[in-house]
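Novice: Next up is a structure, given as structure tokens.
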Amino acid sequence: MISRLTTQRSEITLNASSIATGRTRMSVIKNLIHRPMRKLDTWRDVIRGFNPAWFTASMGTGMVSTLLYGFPYEWSPLKYIAMGIALLNLLMFVVFLVLFIWRLVQYRDFFYILLHPQLSMPLGAVPMAFTTVITSMVTILASYEVAWMPTLALVLWCINIVFALLSCLAIPFLITSHQKHAFENVNATLLLPVVPTVVASSAGAIVASVHSGTTAVAVVLISYALWAMGVGISLMLITFYVVRLILHKLPPPETIISVFIPLGPLGQSSYAIQLLGVQALRVFPDGLSQMTYLGEVLHSLGFFLGLLIWSLAIWWFTHAIYSVLYTRFCGPVPFNLGWWALIFPTGTFVSSSGELWDLTGYTFFRILASTITVGIVLLWIVVILGTICFAWTGELFKPINTRHLEVHTYVEGEDVQSPEQRV
């Protein structure tokens with residue numbers, strides 16, 4: 001009898017504690033709903049804390065739209081879902097651009113952002129996010145034969161390559177001349193300023209597909225130049241990053257997702273060179289009649305190089321998965337905007353795999369692209385929901401001080417020049 005009473009009391013205690021826990025959770029949820037931006041001092045910190053890393057969310061969303069629209073297995077509802085996500089991406093890009101310009105105008109700290117070793121890296125995400133808007137527009141509207149679309153796409157692409165070149169040429173110079181970096185603290189975000197030219201080259205192939213004649217030839221030639229510039233520098237930086245991993249091991253949990261970033265230039269360069277080869281075969285026999293076989297050579301070379309780089313991307317994809325799983329096994333991985341590095345780089349690998357399926361017809365590439373696309377969509381849902389929740393609390397808008405920076409200076413005796421004097 002006594003044991004029964006003891007058991008009943010323990011059950012009542014457990015029920016009461018579970019009810020209390022449930023009430024606590026509900027109170028926390030209500031507190032989050034009724035107190036947005038509770039981790040910020042004022043609402044102005046939303047603008048002050050907005051940084052270029054937000055554009056990686058637009059990059060990932062645009063990539064998901066492109067992957068769903070070109071899903072290897074035809075299913076008509078996916079086209080409409082992809083169109084809806086493309087519109088969402090356009091809205092995100094416009095909102096992010098307005099907020100970023102607002103920050104630059106109000107606080108006038110663009111110069112300090114350029115000198116900041118962390119905030120300057122995601123500036124390359126701005127032209128890459130813009131590229132996803134352009135490619136989605138061309139891909140979706142091409143089937144509807146919109147008369148003004150080719151001209152608009154060409155104008156937007158030209159604007160985009162200007163910013164891509166500025167990112168690729170200016171920021172690496174500031175990295176080597178002004179910014180202060182420690183080798184053990186370097187992560188893969190170092191690639192972000194140089195990848196926009198590779199992404200712009202793939203967009204150039206897509207834009208060229210809706211043009212003909214000298215316009216298409218010029219776009220393809222410029223795209224090849226952009227591809228070579230971005231891929232060459234990316235391979236140098238990836239080598240540098242591998243040495244850093246060997247000597248100082250994996251990044252901390254806060255930045256471990258960044259190990260996926262090198263997959264971006266690898267997958268995108270494979271995808272771009274294949275697309276450019278297809279367009280070269282189409283436009284060069286007529287555009288460059290003095291080089292009769294140039295189109296066929298570039299088409300074959302595009303497939304061959306695309307396959308080789310795709311193979312290298314497999315190694316990095318596997319290494320990145322191992323790294324993240326190992327870090328998660330050792331402890332928690334805190335959520336931040338860096339989680340968007342899971343989406344776009346992996347999406348470039350899928351795009352490359354899908355293009356290999358188009359060129360070869362091998363079912364392996366079709367199944368691989370389809371399987372990873374499903375995983376990317378699920379990851380995108382998780383990451384975008386996490387972004388909304390942490391943005392609501394203000395966690396993702398915490399301002400970073402850009403005014404007090406440790407920058408590289410040249411010293412001759414006691415004469416030390418400030419970065420303002422040397423710019």
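Chain labels A, B, ... are given in the sequence in which chains occur in the structure tokens; within each chain residues are numbered consecutively from 1, and ligands are likewise numbered from 1 in the order shown.
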Would you pick out the contacts of A:Cys330 at 10 Å or less, using only C-alpha atoms, so that residues sharing its chain but fewer than 5 positions from it are not included, and give the list as a PyMOL selection string?
Specialist: chain A and resi 253+324-325
Novice: Show me, as an MDAnalysis selection string, the residues that have an atom within 6 Å of A:Ala129 when counting only C-alpha atoms, minus same-chain residues fewer than 3 positions from it.
Specialist: chainID A and resid 58:59 125:126 132
Novice: How many Å separate atom CA of A:Val198 from atom CA of A:Ile175?
Specialist: 19.8 Å
Novice: Among stretch 25-258 of chain A, which ones does DSSP place in helix (DSSP H, G or I), written as a PyMOL selection string?
Specialist: chain A and resi 25-34+44-48+52-69+76-107+110-115+121-144+149-177+183-185+188-191+196-208+213-248+253-258
Novice: Counting only C-alpha atoms, which residue out of A:Tyr112, A:Arg38, A:Ile47, A:Met137 sits closest to A:Ala86?
Specialist: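 Nearest to A:Ala86: A:Met137.
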Novice: Find the nearest atom pair between each residue of stretch 325-400 of chain A and stretch 181-193 of chain A for residues within 12 Å, count only C-alpha atoms, give distances in Å to one decimal, sort rows by chain and ascending number, and present the table as CSV.
Specialist:
```
residue,atom,partner,partner_atom,distance
A:Gly338,CA,A:Thr189,CA,9.5
A:Ala341,CA,A:Thr189,CA,9.6
A:Phe344,CA,A:Leu192,CA,11.9
A:Pro345,CA,A:Leu192,CA,11.1
```
Novice: Find the residues around A:Leu115 up to 7 Å (only C-alpha atoms counted), leave out those fewer than 6 positions away in its own chain, and share them as a list in words.
Specialist: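 That gives Leu174, His178 and Gln179 of chain A.
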Novice: Please produce a file of the residues just selected, as a PDB file, in the first residue's frame, where the atoms kept are all heavy atoms.
Specialist:
```pdb
ATOM      1  N   LEU A 174      43.068  44.953 -50.857  1.00  0.00           N
ATOM      2  CA  LEU A 174      42.973  45.434 -49.478  1.00  0.00           C
ATOM      3  C   LEU A 174      43.388  44.352 -48.491  1.00  0.00           C
ATOM      4  O   LEU A 174      43.963  44.651 -47.434  1.00  0.00           O
ATOM      5  CB  LEU A 174      41.538  45.888 -49.189  1.00  0.00           C
ATOM      6  CG  LEU A 174      41.066  47.116 -49.973  1.00  0.00           C
ATOM      7  CD1 LEU A 174      39.591  47.381 -49.697  1.00  0.00           C
ATOM      8  CD2 LEU A 174      41.899  48.332 -49.614  1.00  0.00           C
ATOM      9  N   HIS A 178      46.165  46.260 -46.528  1.00  0.00           N
ATOM     10  CA  HIS A 178      45.659  47.012 -45.391  1.00  0.00           C
ATOM     11  C   HIS A 178      45.170  46.135 -44.231  1.00  0.00           C
ATOM     12  O   HIS A 178      45.429  46.452 -43.076  1.00  0.00           O
ATOM     13  CB  HIS A 178      44.498  47.921 -45.824  1.00  0.00           C
ATOM     14  CG  HIS A 178      44.922  49.079 -46.666  1.00  0.00           C
ATOM     15  ND1 HIS A 178      45.402  48.929 -47.947  1.00  0.00           N
ATOM     16  CD2 HIS A 178      44.948  50.418 -46.409  1.00  0.00           C
ATOM     17  CE1 HIS A 178      45.685  50.114 -48.455  1.00  0.00           C
ATOM     18  NE2 HIS A 178      45.431  51.036 -47.546  1.00  0.00           N
ATOM     19  N   GLN A 179      44.444  45.082 -44.547  1.00  0.00           N
ATOM     20  CA  GLN A 179      43.804  44.298 -43.496  1.00  0.00           C
ATOM     21  C   GLN A 179      44.818  43.474 -42.714  1.00  0.00           C
ATOM     22  O   GLN A 179      45.843  43.051 -43.247  1.00  0.00           O
ATOM     23  CB  GLN A 179      42.735  43.391 -44.085  1.00  0.00           C
ATOM     24  CG  GLN A 179      41.584  44.127 -44.734  1.00  0.00           C
ATOM     25  CD  GLN A 179      40.579  43.184 -45.356  1.00  0.00           C
ATOM     26  OE1 GLN A 179      40.674  41.968 -45.233  1.00  0.00           O
ATOM     27  NE2 GLN A 179      39.600  43.743 -46.049  1.00  0.00           N
TER      28      GLN A 179
END
```
Novice: Which residues of stretch 46-155 of chain A sit at most 9 Å from stretch 378-385 of chain A, using only C-alpha atoms? Give each one's shortest atom pair and distance in Å (one decimal place), in chain and ascending residue order, as a tab-separated table.
Specialist:
```
residue	atom	partner	partner_atom	distance
A:Ala57	CA	A:Ile384	CA	7.8
A:Gly60	CA	A:Trp380	CA	7.5
A:Thr61	CA	A:Trp380	CA	7.5
A:Val64	CA	A:Trp380	CA	7.7
```
Novice: I need the residues from that last selection saved to file as an mmCIF file, in the first residue's frame (with N, CA, C and O atoms), if you can.
Specialist:
```cif
data_model
loop_
_atom_site.group_PDB
_atom_site.id
_atom_site.type_symbol
_atom_site.label_atom_id
_atom_site.label_comp_id
_atom_site.auth_asym_id
_atom_site.auth_seq_id
_atom_site.Cartn_x
_atom_site.Cartn_y
_atom_site.Cartn_z
ATOM 1 N N ALA A 57 21.858 34.751 -47.962
ATOM 2 C CA ALA A 57 20.506 34.192 -47.911
ATOM 3 C C ALA A 57 19.824 34.302 -49.269
ATOM 4 O O ALA A 57 19.115 33.389 -49.713
ATOM 5 N N GLY A 60 21.417 31.644 -51.596
ATOM 6 C CA GLY A 60 20.883 30.302 -51.368
ATOM 7 C C GLY A 60 19.466 30.138 -51.868
ATOM 8 O O GLY A 60 19.112 29.114 -52.464
ATOM 9 N N THR A 61 18.640 31.157 -51.644
ATOM 10 C CA THR A 61 17.248 31.091 -52.099
ATOM 11 C C THR A 61 17.170 31.066 -53.621
ATOM 12 O O THR A 61 16.387 30.298 -54.209
ATOM 13 N N VAL A 64 18.100 27.580 -54.844
ATOM 14 C CA VAL A 64 17.004 26.619 -54.680
ATOM 15 C C VAL A 64 15.976 26.786 -55.790
ATOM 16 O O VAL A 64 15.467 25.799 -56.353
#
```
Novice: Using atom CA of A:Ser120 and atom CA of A:Ala170 as the two end points, give the distance in Å to one decimal.
Specialist: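 Computing it gives 10.5 Å between the two atoms.
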